[in-house]
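With PDB, C-alpha atoms, pLDDT in the B column inside, this is work33.pdb:
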```
ATOM      1  CA  ALA V 584      87.855  43.131  -1.030  1.00 70.00           C
ATOM      2  CA  ALA V 585      84.199  44.015  -0.492  1.00 78.00           C
ATOM      3  CA  ASN V 586      83.605  44.013  -4.251  1.00 88.00           C
ATOM      4  CA  THR V 587      85.149  40.556  -4.548  1.00 92.00           C
ATOM      5  CA  ASP V 588      82.955  39.253  -1.725  1.00 94.00           C
ATOM      6  CA  LYS V 589      79.859  40.654  -3.404  1.00 94.00           C
ATOM      7  CA  ALA V 590      80.846  39.151  -6.753  1.00 95.00           C
ATOM      8  CA  LEU V 591      81.355  35.760  -5.098  1.00 96.00           C
ATOM      9  CA  ARG V 592      77.990  35.987  -3.338  1.00 96.00           C
ATOM     10  CA  ASP V 593      76.278  36.969  -6.590  1.00 96.00           C
ATOM     11  CA  LYS V 594      77.923  34.058  -8.403  1.00 97.00           C
ATOM     12  CA  GLU V 595      76.933  31.679  -5.593  1.00 97.00           C
ATOM     13  CA  ALA V 596      73.343  32.949  -5.631  1.00 97.00           C
ATOM     14  CA  LYS V 597      73.121  32.425  -9.386  1.00 98.00           C
ATOM     15  CA  TYR V 598      74.544  28.920  -8.998  1.00 97.00           C
ATOM     16  CA  VAL V 599      72.048  28.042  -6.261  1.00 97.00           C
ATOM     17  CA  GLU V 600      69.195  29.437  -8.363  1.00 98.00           C
ATOM     18  CA  SER V 601      70.232  27.389 -11.388  1.00 98.00           C
ATOM     19  CA  GLN V 602      70.517  24.252  -9.220  1.00 98.00           C
ATOM     20  CA  GLN V 603      67.022  24.840  -7.819  1.00 98.00           C
ATOM     21  CA  ALA V 604      65.652  25.488 -11.302  1.00 98.00           C
ATOM     22  CA  ALA V 605      67.188  22.230 -12.533  1.00 98.00           C
ATOM     23  CA  GLU V 606      65.657  20.325  -9.617  1.00 98.00           C
ATOM     24  CA  ARG V 607      62.221  21.842 -10.254  1.00 98.00           C
ATOM     25  CA  LYS V 608      62.507  20.962 -13.936  1.00 98.00           C
ATOM     26  CA  MET V 609      63.407  17.354 -13.112  1.00 98.00           C
ATOM     27  CA  GLU V 610      60.524  17.126 -10.635  1.00 98.00           C
ATOM     28  CA  LEU V 611      58.101  18.556 -13.195  1.00 98.00           C
ATOM     29  CA  THR V 612      59.308  16.108 -15.843  1.00 98.00           C
ATOM     30  CA  ARG V 613      58.836  13.211 -13.423  1.00 98.00           C
ATOM     31  CA  VAL V 614      55.310  14.323 -12.538  1.00 98.00           C
ATOM     32  CA  LEU V 615      54.374  14.703 -16.201  1.00 98.00           C
ATOM     33  CA  GLN V 616      55.719  11.217 -16.924  1.00 98.00           C
ATOM     34  CA  GLU V 617      53.634   9.801 -14.068  1.00 97.00           C
ATOM     35  CA  ILE V 618      50.538  11.537 -15.403  1.00 97.00           C
ATOM     36  CA  SER V 619      51.029  10.250 -18.944  1.00 97.00           C
ATOM     37  CA  ALA V 620      51.715   6.752 -17.585  1.00 96.00           C
ATOM     38  CA  ALA V 621      48.509   6.892 -15.536  1.00 96.00           C
ATOM     39  CA  GLU V 622      46.530   8.003 -18.584  1.00 96.00           C
ATOM     40  CA  LYS V 623      47.767   4.977 -20.543  1.00 93.00           C
ATOM     41  CA  GLU V 624      46.491   2.495 -17.942  1.00 88.00           C
TER      42      GLU V 624
END
```

Could you write out this structure as structure tokens?
Amino acid sequence: AANTDKALRDKEAKYVESQQAAERKMELTRVLQEISAAEKE
């Protein structure tokens, strides 16, 4: 049972990490778009 718990925690940690990475990527994309928009003005 302990092995299963650890596997679930590992899977959950990987999921959380990928979610955070996706959010950071979206934030970065938004910032870059704002910068390029500002440069065009």

Mind working out the centre and edge lengths of an axis-aligned box for region 616-622 of chain V, all listed atoms inside, 8 Å added to each side, rounded to one decimal in Å and written as lines of an AutoDock Vina configuration file?
```
center_x = 51.1
center_y = 9.1
center_z = -16.5
size_x = 25.2
size_y = 20.8
size_z = 20.9
```

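Atom pair CA of Glu606 (chain V) / CA of Asp593 (chain V): separated by 20.0 Å.
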
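Distance-wise, CA of Glu595 (chain V) and CA of Arg613 (chain V) end up 27.0 Å apart.
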
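Going from CA of Ala604 (chain V) to CA of Glu622 (chain V) covers 26.9 Å.
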